[in-house]
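Coordinates from final_23.csv are shown below (CSV, C-alpha atoms).
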```csv
chain,number,residue,atom,x,y,z
A,1,MET,CA,0.0,0.0,0.0
A,2,LYS,CA,2.8,2.4,1.0
A,3,LEU,CA,4.8,1.6,-2.2
A,4,ASN,CA,1.7,1.8,-4.3
A,5,LEU,CA,0.9,5.3,-3.1
A,6,SER,CA,4.5,6.6,-3.8
A,7,VAL,CA,4.4,5.1,-7.3
A,8,LYS,CA,1.1,6.9,-7.9
A,9,ASN,CA,2.5,10.1,-6.4
A,10,LYS,CA,5.4,9.9,-8.9
A,11,ARG,CA,3.0,9.5,-11.8
A,12,ASP,CA,0.9,12.4,-10.5
A,13,PHE,CA,3.9,14.6,-10.3
A,14,LEU,CA,4.9,13.7,-13.9
A,15,LEU,CA,1.3,14.3,-15.1
A,16,VAL,CA,0.9,17.6,-13.5
A,17,THR,CA,4.3,18.9,-14.7
A,18,LEU,CA,3.6,17.7,-18.2
A,19,LEU,CA,0.1,19.2,-18.3
A,20,PHE,CA,1.4,22.5,-16.8
A,21,THR,CA,4.1,22.8,-19.5
A,22,ILE,CA,1.9,21.8,-22.4
A,23,LEU,CA,-1.1,23.9,-21.4
A,24,GLY,CA,1.1,26.8,-20.4
A,25,GLY,CA,2.7,26.7,-23.9
A,26,ILE,CA,-0.7,26.6,-25.6
A,27,TYR,CA,-1.8,29.5,-23.5
A,28,ILE,CA,1.2,31.7,-24.4
A,29,LEU,CA,0.9,30.8,-28.1
A,30,PHE,CA,-2.8,31.5,-28.1
A,31,ARG,CA,-2.3,34.9,-26.4
A,32,LEU,CA,0.4,35.8,-28.9
A,33,PHE,CA,-1.2,34.6,-32.1
A,34,ALA,CA,-5.0,34.3,-31.7
A,35,PHE,CA,-7.3,37.2,-32.2
A,36,GLN,CA,-4.7,39.5,-33.7
A,37,GLY,CA,-4.9,42.0,-36.6
A,38,GLU,CA,-6.8,45.2,-37.2
A,39,ALA,CA,-10.5,45.2,-36.7
A,40,SER,CA,-12.8,46.4,-39.5
A,41,VAL,CA,-16.1,45.9,-37.7
A,42,ALA,CA,-17.0,45.2,-34.1
A,43,ASN,CA,-20.3,43.5,-33.5
A,44,VAL,CA,-22.3,43.8,-30.3
A,45,TYR,CA,-24.6,40.8,-29.5
A,46,TYR,CA,-27.2,40.2,-26.9
A,47,GLY,CA,-28.4,36.8,-25.6
A,48,ASN,CA,-27.7,33.7,-27.7
A,49,SER,CA,-28.5,35.5,-31.0
A,50,ASN,CA,-26.1,35.5,-33.8
A,51,ASP,CA,-27.4,38.7,-35.4
A,52,PRO,CA,-25.5,41.7,-34.1
A,53,ILE,CA,-27.7,44.3,-32.3
A,54,VAL,CA,-25.2,47.1,-33.0
A,55,SER,CA,-22.3,47.1,-35.5
A,56,ILE,CA,-19.4,49.5,-35.1
A,57,ASP,CA,-17.9,50.1,-38.5
A,58,PHE,CA,-14.3,51.2,-38.1
A,59,VAL,CA,-13.8,51.7,-41.9
A,60,ASN,CA,-16.6,54.1,-42.5
A,61,TYR,CA,-16.7,55.6,-39.0
A,62,ARG,CA,-20.4,54.6,-38.4
A,63,VAL,CA,-22.4,52.9,-35.7
A,64,ILE,CA,-25.2,50.9,-37.1
A,65,ARG,CA,-28.2,50.0,-35.0
A,66,ASN,CA,-29.5,46.8,-36.5
A,67,TYR,CA,-32.6,46.3,-34.4
A,68,ASP,CA,-34.0,47.2,-31.0
A,69,GLN,CA,-33.5,45.2,-27.9
A,70,ASN,CA,-36.5,43.4,-26.6
A,71,VAL,CA,-37.0,45.2,-23.3
A,72,PRO,CA,-40.0,44.6,-20.9
A,73,ALA,CA,-42.4,47.5,-20.8
A,74,ASP,CA,-41.7,48.5,-17.2
A,75,TYR,CA,-38.2,49.8,-18.0
A,76,ASN,CA,-39.8,52.7,-20.0
A,77,GLN,CA,-36.6,53.2,-22.0
A,78,GLY,CA,-35.6,51.8,-25.4
A,79,TYR,CA,-32.3,50.0,-25.8
A,80,PRO,CA,-29.7,50.2,-27.3
A,81,ILE,CA,-29.0,53.9,-26.7
A,82,ILE,CA,-26.3,55.2,-29.0
A,83,ASP,CA,-24.5,58.3,-27.8
A,84,GLU,CA,-22.4,59.7,-30.7
A,85,ALA,CA,-21.0,62.5,-28.6
A,86,ASN,CA,-19.5,60.3,-25.9
A,87,GLN,CA,-19.0,57.4,-28.3
A,88,THR,CA,-20.9,55.0,-26.1
A,89,ILE,CA,-23.6,52.3,-26.6
A,90,THR,CA,-25.8,51.4,-23.8
A,91,LEU,CA,-27.6,48.0,-23.6
A,92,LEU,CA,-29.7,46.3,-21.0
A,93,GLY,CA,-27.9,43.3,-19.6
A,94,ASP,CA,-29.4,40.2,-18.0
A,95,TYR,CA,-27.8,40.6,-14.6
A,96,GLU,CA,-30.2,41.7,-12.0
A,97,LEU,CA,-29.7,43.7,-8.8
A,98,ASP,CA,-32.8,43.7,-6.6
A,99,GLY,CA,-34.9,42.4,-9.4
A,100,THR,CA,-33.8,45.2,-11.8
A,101,ARG,CA,-31.8,44.4,-14.9
A,102,GLN,CA,-28.6,46.4,-15.1
A,103,ILE,CA,-27.2,48.4,-18.0
A,104,VAL,CA,-24.0,47.7,-19.9
A,105,VAL,CA,-22.1,50.7,-21.3
A,106,ILE,CA,-19.7,50.0,-24.2
A,107,GLN,CA,-17.3,52.7,-25.4
A,108,TYR,CA,-15.8,52.6,-28.9
A,109,ASN,CA,-13.0,54.5,-30.4
A,110,PHE,CA,-12.8,54.9,-34.3
A,111,GLY,CA,-9.2,56.2,-34.2
A,112,ALA,CA,-7.8,53.3,-32.2
A,113,LYS,CA,-10.4,50.8,-33.7
A,114,SER,CA,-11.0,49.6,-30.2
A,115,VAL,CA,-13.9,48.9,-27.9
A,116,GLN,CA,-14.1,48.9,-24.1
A,117,ILE,CA,-16.8,48.0,-21.6
A,118,ILE,CA,-16.8,51.0,-19.3
A,119,GLN,CA,-19.8,50.1,-17.1
A,120,GLU,CA,-21.5,46.8,-16.1
A,121,GLN,CA,-22.7,45.0,-13.1
A,122,SER,CA,-21.7,41.4,-12.4
A,123,PRO,CA,-20.1,39.3,-9.6
A,124,ASN,CA,-16.5,39.5,-10.9
A,125,ASN,CA,-16.7,42.3,-13.5
A,126,ILE,CA,-14.6,40.2,-15.9
A,127,CYS,CA,-15.5,42.0,-19.1
A,128,SER,CA,-14.9,45.5,-17.9
A,129,ARG,CA,-11.6,44.4,-16.3
A,130,GLU,CA,-10.6,43.1,-19.7
A,131,GLY,CA,-10.0,46.8,-20.6
A,132,VAL,CA,-9.5,48.2,-24.1
A,133,SER,CA,-9.7,45.5,-26.8
A,134,THR,CA,-8.9,45.7,-30.5
A,135,ALA,CA,-9.5,42.1,-31.5
A,136,TRP,CA,-10.0,40.0,-28.4
A,137,PRO,CA,-13.7,39.2,-27.8
A,138,LEU,CA,-15.3,40.9,-24.8
A,139,ILE,CA,-17.8,38.6,-23.1
A,140,CYS,CA,-20.1,39.8,-20.3
A,141,LEU,CA,-21.4,36.4,-19.5
A,142,PRO,CA,-23.8,37.2,-16.6
A,143,ASN,CA,-25.2,40.0,-18.7
A,144,ARG,CA,-25.2,37.8,-21.9
A,145,ILE,CA,-23.7,40.7,-23.9
A,146,ARG,CA,-20.7,40.2,-26.0
A,147,VAL,CA,-18.5,42.2,-28.5
A,148,GLU,CA,-16.8,40.3,-31.3
A,149,PHE,CA,-14.4,41.7,-33.8
A,150,GLU,CA,-14.1,41.1,-37.5
A,151,THR,CA,-10.4,41.4,-38.4
A,152,ASN,CA,-8.6,41.5,-41.7
A,153,ALA,CA,-6.0,39.1,-40.6
A,154,GLU,CA,-6.6,35.3,-40.6
A,155,ASP,CA,-9.5,34.5,-38.4
A,156,PHE,CA,-8.8,32.1,-35.6
A,157,THR,CA,-12.3,32.4,-34.1
A,158,VAL,CA,-13.9,29.7,-36.5
B,1,MET,CA,-24.8,-3.4,12.6
B,2,ILE,CA,-25.7,-2.8,9.0
B,3,GLN,CA,-28.3,-0.3,10.1
B,4,SER,CA,-25.8,1.7,12.1
B,5,ALA,CA,-23.3,1.6,9.2
B,6,LYS,CA,-26.0,3.1,7.0
B,7,LEU,CA,-26.8,5.7,9.5
B,8,ARG,CA,-23.2,6.6,9.9
B,9,LYS,CA,-22.8,7.0,6.1
B,10,MET,CA,-25.8,9.1,5.9
B,11,THR,CA,-24.7,11.4,8.7
B,12,LEU,CA,-21.2,11.7,7.2
B,13,LEU,CA,-22.5,12.5,3.7
B,14,ALA,CA,-24.8,15.2,5.2
B,15,ASN,CA,-21.8,16.7,7.0
B,16,PHE,CA,-19.6,16.5,3.9
B,17,MET,CA,-22.3,18.2,1.9
B,18,ALA,CA,-22.6,21.0,4.5
B,19,ILE,CA,-18.9,21.5,4.4
B,20,ALA,CA,-18.9,21.6,0.6
B,21,ILE,CA,-21.7,24.2,0.5
B,22,VAL,CA,-19.8,26.4,3.0
B,23,LEU,CA,-16.5,26.1,1.1
B,24,ASN,CA,-18.4,26.9,-2.2
B,25,ILE,CA,-20.0,30.0,-0.8
B,26,ILE,CA,-16.9,31.4,1.0
B,27,GLU,CA,-14.9,30.8,-2.2
B,28,ALA,CA,-17.4,32.6,-4.4
B,29,ALA,CA,-17.2,35.7,-2.2
B,30,ILE,CA,-13.5,36.0,-2.8
B,31,PRO,CA,-12.7,36.8,-6.5
B,32,ILE,CA,-9.1,35.9,-7.0
B,33,ILE,CA,-8.7,35.3,-10.7
B,34,PRO,CA,-10.2,37.6,-13.4
B,35,VAL,CA,-11.5,34.8,-15.6
B,36,PRO,CA,-15.2,33.6,-15.9
B,37,GLY,CA,-15.9,31.1,-13.2
B,38,ALA,CA,-12.3,30.6,-12.3
B,39,LYS,CA,-11.7,29.7,-8.7
B,40,LEU,CA,-9.7,27.2,-6.7
B,41,GLY,CA,-12.6,24.8,-6.4
B,42,PHE,CA,-12.3,23.9,-2.7
B,43,ALA,CA,-15.7,22.2,-2.8
B,44,ASN,CA,-14.1,19.8,-5.2
B,45,ILE,CA,-12.1,18.5,-2.2
B,46,ILE,CA,-15.3,17.0,-0.8
B,47,THR,CA,-16.3,15.5,-4.2
B,48,LEU,CA,-12.8,13.8,-4.3
B,49,ILE,CA,-13.0,12.6,-0.7
B,50,ILE,CA,-16.5,11.0,-1.1
B,51,LEU,CA,-15.3,9.4,-4.4
B,52,TYR,CA,-12.5,7.6,-2.4
B,53,VAL,CA,-14.2,7.1,0.9
B,54,TYR,CA,-17.6,5.9,-0.6
B,55,SER,CA,-18.4,5.5,-4.2
B,56,PHE,CA,-18.7,7.3,-7.5
B,57,LYS,CA,-22.5,7.3,-7.3
B,58,ASP,CA,-22.5,9.0,-3.8
B,59,SER,CA,-20.0,11.5,-5.0
B,60,LEU,CA,-22.0,12.5,-8.1
B,61,ILE,CA,-25.2,12.8,-6.1
B,62,ILE,CA,-23.6,15.0,-3.4
B,63,THR,CA,-21.8,17.2,-5.9
B,64,LEU,CA,-24.9,17.9,-8.0
B,65,LEU,CA,-27.1,18.5,-4.9
B,66,ARG,CA,-24.4,20.9,-3.7
B,67,VAL,CA,-24.4,22.9,-6.9
B,68,VAL,CA,-28.2,23.1,-6.9
B,69,LEU,CA,-28.3,24.1,-3.2
B,70,VAL,CA,-25.6,26.7,-3.5
B,71,ALA,CA,-27.5,28.2,-6.5
B,72,ILE,CA,-30.7,28.3,-4.4
B,73,LEU,CA,-28.9,29.9,-1.4
B,74,SER,CA,-27.2,32.5,-3.6
B,75,GLY,CA,-30.4,33.2,-5.6
B,76,ARG,CA,-28.9,32.2,-8.9
B,77,LEU,CA,-30.9,29.1,-9.7
B,78,LEU,CA,-31.3,28.6,-13.5
B,79,GLY,CA,-29.1,31.7,-14.1
B,80,VAL,CA,-26.1,31.7,-16.5
B,81,THR,CA,-23.6,30.9,-13.8
B,82,PHE,CA,-25.7,28.0,-12.5
B,83,TYR,CA,-25.6,26.3,-15.9
B,84,MET,CA,-21.9,26.7,-16.1
B,85,SER,CA,-21.1,25.4,-12.6
B,86,PHE,CA,-23.6,22.5,-13.1
B,87,SER,CA,-22.1,21.5,-16.4
B,88,GLY,CA,-18.6,21.8,-15.0
B,89,ALA,CA,-19.4,19.7,-12.0
B,90,VAL,CA,-20.9,16.9,-14.1
B,91,PHE,CA,-17.9,16.8,-16.4
B,92,ALA,CA,-15.4,16.9,-13.5
B,93,THR,CA,-17.1,14.3,-11.4
B,94,LEU,CA,-17.5,11.9,-14.4
B,95,ALA,CA,-13.9,12.4,-15.3
B,96,MET,CA,-12.7,11.9,-11.8
B,97,GLY,CA,-14.8,8.7,-11.5
B,98,PHE,CA,-13.3,7.4,-14.7
B,99,PHE,CA,-9.7,8.1,-13.8
B,100,LYS,CA,-10.1,6.8,-10.3
B,101,HIS,CA,-11.5,3.6,-11.8
B,102,LEU,CA,-8.4,3.3,-14.1
B,103,ASN,CA,-6.4,3.1,-10.8
B,104,TYR,CA,-3.3,4.5,-12.5
B,105,PHE,CA,-3.0,8.0,-10.9
B,106,GLY,CA,-3.3,9.1,-7.3
B,107,PHE,CA,-5.3,11.9,-5.7
B,108,VAL,CA,-3.4,14.7,-7.3
B,109,GLY,CA,-3.6,13.2,-10.9
B,110,VAL,CA,-7.3,12.4,-10.6
B,111,SER,CA,-8.0,15.9,-9.2
B,112,THR,CA,-6.0,17.7,-11.9
B,113,LEU,CA,-7.6,15.7,-14.7
B,114,GLY,CA,-11.0,16.4,-13.1
B,115,SER,CA,-10.4,20.1,-13.0
B,116,ILE,CA,-9.4,20.1,-16.7
B,117,PHE,CA,-12.7,18.5,-17.5
B,118,HIS,CA,-14.4,21.1,-15.3
B,119,ALA,CA,-13.0,23.8,-17.6
B,120,PHE,CA,-14.3,22.0,-20.7
B,121,GLY,CA,-17.7,21.6,-19.1
B,122,GLN,CA,-17.9,25.2,-18.2
B,123,ILE,CA,-16.9,26.3,-21.7
B,124,ALA,CA,-19.4,23.9,-23.2
B,125,ALA,CA,-22.2,25.5,-21.1
B,126,GLY,CA,-20.9,29.0,-22.0
B,127,ILE,CA,-21.1,28.3,-25.7
B,128,PHE,CA,-24.7,27.1,-25.2
B,129,VAL,CA,-25.7,30.1,-23.0
B,130,ILE,CA,-24.2,32.8,-25.3
B,131,GLY,CA,-24.7,31.0,-28.6
B,132,SER,CA,-21.2,31.8,-29.8
B,133,THR,CA,-17.9,30.0,-29.9
B,134,ALA,CA,-16.2,33.2,-28.8
B,135,VAL,CA,-16.1,31.8,-25.2
B,136,ILE,CA,-13.3,29.5,-26.4
B,137,ALA,CA,-11.0,32.5,-26.2
B,138,TYR,CA,-11.1,31.9,-22.4
B,139,LEU,CA,-10.4,28.1,-22.7
B,140,PRO,CA,-6.5,28.3,-22.7
B,141,ILE,CA,-6.3,30.4,-19.6
B,142,MET,CA,-8.9,28.3,-17.8
B,143,LEU,CA,-7.1,25.1,-18.7
B,144,PHE,CA,-3.8,26.5,-17.6
B,145,LEU,CA,-5.2,27.8,-14.3
B,146,SER,CA,-7.1,24.6,-13.6
B,147,ILE,CA,-3.8,22.6,-13.2
B,148,PRO,CA,-2.5,24.4,-10.0
B,149,ALA,CA,-6.0,24.5,-8.7
B,150,GLY,CA,-6.7,20.8,-9.3
B,151,ALA,CA,-3.3,19.8,-7.9
B,152,LEU,CA,-3.9,21.9,-4.7
B,153,THR,CA,-7.3,20.4,-4.1
B,154,GLY,CA,-5.8,16.9,-4.8
B,155,ILE,CA,-3.1,17.4,-2.2
B,156,ILE,CA,-5.6,18.6,0.4
B,157,ALA,CA,-7.9,15.6,-0.3
B,158,GLN,CA,-5.0,13.2,-0.1
B,159,ARG,CA,-3.9,14.6,3.3
B,160,PHE,CA,-7.5,14.2,4.6
B,161,TYR,CA,-7.8,10.7,3.3
B,162,ILE,CA,-4.6,9.5,5.0
B,163,ILE,CA,-5.8,10.9,8.3
B,164,TRP,CA,-9.3,9.6,7.7
B,165,GLN,CA,-8.0,6.0,7.1
B,166,SER,CA,-6.0,5.9,10.3
B,167,TRP,CA,-9.0,7.3,12.2
B,168,HIS,CA,-11.4,4.8,10.5
B,169,ASN,CA,-9.1,1.9,11.4
B,170,GLU,CA,-9.1,2.9,15.0
B,171,ILE,CA,-12.8,2.8,15.2
B,172,SER,CA,-13.3,-0.6,13.4
```
Written as structure tokens, how would this file's structure read?
Amino acid sequence: MKLNLSVKNKRDFLLVTLLFTILGGIYILFRLFAFQGEASVANVYYGNSNDPIVSIDFVNYRVIRNYDQNVPADYNQGYPIIDEANQTITLLGDYELDGTRQIVVIQYNFGAKSVQIIQEQSPNNICSREGVSTAWPLICLPNRIRVEFETNAEDFTV
Amino acid sequence: MIQSAKLRKMTLLANFMAIAIVLNIIEAAIPIIPVPGAKLGFANIITLIILYVYSFKDSLIITLLRVVLVAILSGRLLGVTFYMSFSGAVFATLAMGFFKHLNYFGFVGVSTLGSIFHAFGQIAAGIFVIGSTAVIAYLPIMLFLSIPAGALTGIIAQRFYIIWQSWHNEIS
């Protein structure tokens, strides 16, 4: 039993070291080479829909509102709100605080061809902590809002 | 005798579940890693311990009940995060049951492989919830982080199991 345990411990150690090296390598390669290139369009999606609710066109400097968000009547406000002066897009997220759904504010920058989530409510604030992005998808999972980029370089996103 | 053994098992499983729920809630309150659903997974220690002390079936039942109870207690039942943790827990427990059955790796190996499958399970649920494969962007970091997390929970579970066995032998 004692011997058996130490043999297994040795295998465990090898397995963990091997996995750590391989997956660490994959992570570094992924971070370096995936989602690179200059974005031509950034699409904002809500829910599990594959039609972008808002498209940010970095080539023609336009923000296109494709359709309205389906918001319950008691919110008396239509979404998305596109603020051209502050370069922000406001959507209603799925995350609720005291039974009220919270807004998600997305800021875009035509010059830098970048997008940033500047305001959202969620347990870990993952998507706003991601900061400014030029190609990396921004996913606010508890809010079910995401920003994906269409880049000119080879697309790794499938 | 059989009756008292059953009673003992039931009491211990109830205690294990209570510990797992507390660990899960404490851990959720402390955000450490800026990645969706990434945490150390201390509740997984209990899943692993039950897997070795009792059986795969007990472990799966207790783990799934724990996920549902934590979701109810934190008011997130049937929310996005619930689907992700449920799917992750199912993947991880199935994987750990399988690798334990193989009897090739010890606690740390089984736990690490389980936590890798946990990441796959969460991403699978994420793809379903958001309807886009963009969530895969987070898979490499989650897989990478799951290794130290899985190894750590494995070490803790192994320590517990060694003490448990000596204690158990004293009783019987």
Measuring atom to atom with all atoms listed in the file, identify which of B:Leu60, B:Leu152, B:Ala43, B:Ala137 is nearest to chain A.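 Once distances to chain A are computed over all atoms listed in the file, the minimum belongs to B:Ala137.
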Interface residues on chain B facing chain A, 10 Å, only C-alpha atoms, written as an mmCIF file with C-alpha atoms, in the coordinates of the input:
```cif
data_model
loop_
_atom_site.group_PDB
_atom_site.id
_atom_site.type_symbol
_atom_site.label_atom_id
_atom_site.label_comp_id
_atom_site.auth_asym_id
_atom_site.auth_seq_id
_atom_site.Cartn_x
_atom_site.Cartn_y
_atom_site.Cartn_z
ATOM 1 C CA ALA B 28 -17.400 32.600 -4.400
ATOM 2 C CA ALA B 29 -17.200 35.700 -2.200
ATOM 3 C CA ILE B 30 -13.500 36.000 -2.800
ATOM 4 C CA PRO B 31 -12.700 36.800 -6.500
ATOM 5 C CA ILE B 32 -9.100 35.900 -7.000
ATOM 6 C CA ILE B 33 -8.700 35.300 -10.700
ATOM 7 C CA PRO B 34 -10.200 37.600 -13.400
ATOM 8 C CA VAL B 35 -11.500 34.800 -15.600
ATOM 9 C CA PRO B 36 -15.200 33.600 -15.900
ATOM 10 C CA GLY B 37 -15.900 31.100 -13.200
ATOM 11 C CA ALA B 38 -12.300 30.600 -12.300
ATOM 12 C CA GLY B 79 -29.100 31.700 -14.100
ATOM 13 C CA VAL B 80 -26.100 31.700 -16.500
ATOM 14 C CA THR B 81 -23.600 30.900 -13.800
ATOM 15 C CA ASN B 103 -6.400 3.100 -10.800
ATOM 16 C CA TYR B 104 -3.300 4.500 -12.500
ATOM 17 C CA PHE B 105 -3.000 8.000 -10.900
ATOM 18 C CA GLY B 106 -3.300 9.100 -7.300
ATOM 19 C CA PHE B 107 -5.300 11.900 -5.700
ATOM 20 C CA VAL B 108 -3.400 14.700 -7.300
ATOM 21 C CA GLY B 109 -3.600 13.200 -10.900
ATOM 22 C CA VAL B 110 -7.300 12.400 -10.600
ATOM 23 C CA SER B 111 -8.000 15.900 -9.200
ATOM 24 C CA THR B 112 -6.000 17.700 -11.900
ATOM 25 C CA LEU B 113 -7.600 15.700 -14.700
ATOM 26 C CA ILE B 116 -9.400 20.100 -16.700
ATOM 27 C CA GLY B 126 -20.900 29.000 -22.000
ATOM 28 C CA ILE B 127 -21.100 28.300 -25.700
ATOM 29 C CA PHE B 128 -24.700 27.100 -25.200
ATOM 30 C CA VAL B 129 -25.700 30.100 -23.000
ATOM 31 C CA ILE B 130 -24.200 32.800 -25.300
ATOM 32 C CA GLY B 131 -24.700 31.000 -28.600
ATOM 33 C CA SER B 132 -21.200 31.800 -29.800
ATOM 34 C CA THR B 133 -17.900 30.000 -29.900
ATOM 35 C CA ALA B 134 -16.200 33.200 -28.800
ATOM 36 C CA VAL B 135 -16.100 31.800 -25.200
ATOM 37 C CA ILE B 136 -13.300 29.500 -26.400
ATOM 38 C CA ALA B 137 -11.000 32.500 -26.200
ATOM 39 C CA TYR B 138 -11.100 31.900 -22.400
ATOM 40 C CA LEU B 139 -10.400 28.100 -22.700
ATOM 41 C CA PRO B 140 -6.500 28.300 -22.700
ATOM 42 C CA ILE B 141 -6.300 30.400 -19.600
ATOM 43 C CA MET B 142 -8.900 28.300 -17.800
ATOM 44 C CA LEU B 143 -7.100 25.100 -18.700
ATOM 45 C CA PHE B 144 -3.800 26.500 -17.600
ATOM 46 C CA LEU B 145 -5.200 27.800 -14.300
ATOM 47 C CA SER B 146 -7.100 24.600 -13.600
ATOM 48 C CA ILE B 147 -3.800 22.600 -13.200
ATOM 49 C CA PRO B 148 -2.500 24.400 -10.000
ATOM 50 C CA GLY B 150 -6.700 20.800 -9.300
ATOM 51 C CA ALA B 151 -3.300 19.800 -7.900
ATOM 52 C CA GLY B 154 -5.800 16.900 -4.800
#
```
Write out as a VMD selection string the residues lying within 10 Å of stretch 37-42 of chain A, counting only C-alpha atoms and excluding same-chain residues fewer than 6 positions away. chain A and resid 52 54 to 63 108 110 112 to 115 133 to 137 147 to 155
Between atom CA of A:Ile89 and atom CA of A:Glu120, what is the distance, to one decimal in Å? 12.0 Å
Atom CA of B:Gln3 to atom CA of B:Ala20: how many Å, to one decimal? 25.7 Å
Which neighbours of B:Ala89 fall inside 10 Å, counting only C-alpha atoms, when residues of the same chain fewer than 3 positions from it are skipped, and could you give them as a list in words? Asn44, Thr47, Leu60, Thr63, Leu64, Arg66, Val67, Tyr83, Met84, Ser85, Phe86, Ala92, Thr93, Leu94, Ala95, Gly114, Ser115, Phe117, His118, Ala119, Gly121 and Gln122 of chain B
